Amino acid sequence: MPTLSEVRTEAHLVQTLSRPYPEDVAAARELEGDLIVLGAGGKMGPTLVRRIVLAVREAGGANRIFAASRFTDPGSRREIEDAGALAIGVDLLDDGALLELPDCPNVVYLAGMKFGASGRLPLTWAMNAYLPGRIADHYRDARIVALSTGNVYPQVPVASNGASEDVAPEPVGEYAQSCLGRERIFQHFSERNGTPVCLIRLNYAVEARYGVLLDIAQKVASGTPVSLETACVNAIWQGDANSAVFRALELCSSPAAILNVTGPEVLRVRDLAERFAARFNVDARFQGTERPTALLNDASRSHARLGAPKVTVDEVVELVSSWVQQGGTTHGKPTKFEVRNGRF
């Protein structure tokens, strides 16, 4: 498989995001029973599923890997099935369909709603706060890793290392509030049923087709001013995030564990924009004034337990630069990282 510097096509990109690390293979050797990824058809799901399947294969395991989603994009289902996972087309909000899901002792929960949340708030709350209760009750005897977000934290000084897991949540806006609702529901069922759970506060996963780095690069390339009001961000290569999510199964506990997952650096938006501008041989344009606070995560706990990310921001900046210059395919979903009022 190609290294990051060799990625030129979407197929190569998917292979690189999916390639298991030795640590993933070691975790797969210890995996007991089957595993299901719920909400597997989104941005992260297909390459996470592929990584787990490949890790199990390299470990010589016989675990079945299921992937459940509505699969509104048929390509993501093909990608998952081609990897050897068992795809299940299902609307997780359908209680009857939910009862038909296979019993698995290992669950990775990716389902949720962000994009367009402000215009569809009842559905946002149903997906982010109601559905977790149904899932937690259905899989009460499993280990559950559930994806959350750093948006549940308050904005912290950009001069800090970010919010640690010990910082009390202060979500801004209904999307972030519903995400805290998701966490509270999983925590409740973890305590009530003794279900081991790990809540992953991810902030932000990036690759060539999606993420805050792509958002900034596209604006610089098109001459669109980059907002500086959110002066700093975190980022982690999605392949590293995939690895952390899979291996977090070993960290599940009752009461539920909480783990920040992101890169080690606080990245200044102006600096990133100027790096892309130099690569594109253009002048970066800016608007707004840098604010002293931002949504930032301190992921030192996850780095201590799972290891630091293997892919550097420098490598991803180079990949995204090349991708934008060659007109590579994107998911067409801006992160809206610059939004400060919680309305996504």
# chains A, B, ... in the order shown; residues from 1 in each chain; ligands from 1
>>> select_by_dssp(residues="stretch 19-156 of chain A", states="helix (DSSP H, G or I)", output="VMD selection string")
chain A and resid 22 to 29 45 to 59 74 to 83 95 to 99 117 to 119 121 to 138 150 to 152
>>> residues_around(residues="stretch 155-171 of chain A", least_positions_apart="3", cutoff="9 Å", atoms="only C-alpha atoms", output="NGL selection string")
:A and (150-152 or 174-180 or 201 or 231-234 or 258-260 or 264-266 or 268 or 291-301 or 340 or 342)
>>> closest_residue(among="A:Leu267, A:Ile144, A:Val49, A:Leu92", to="A:Asn128", atoms="only C-alpha atoms")
A:Leu92
>>> residues_around(residues="A:Val53", least_positions_apart="4", cutoff="8 Å", atoms="only C-alpha atoms", output="JSON, numbers by chain")
{"A": [49, 57, 65, 83, 84, 85]}
>>> select_by_dssp(residues="stretch 5-235 of chain A", states="strand (DSSP E or B)", output="PyMOL selection string")
chain A and resi 35-38+65-69+86-89+106-109+143-149+156-157+163+197-202+205-206+226-227+232-233
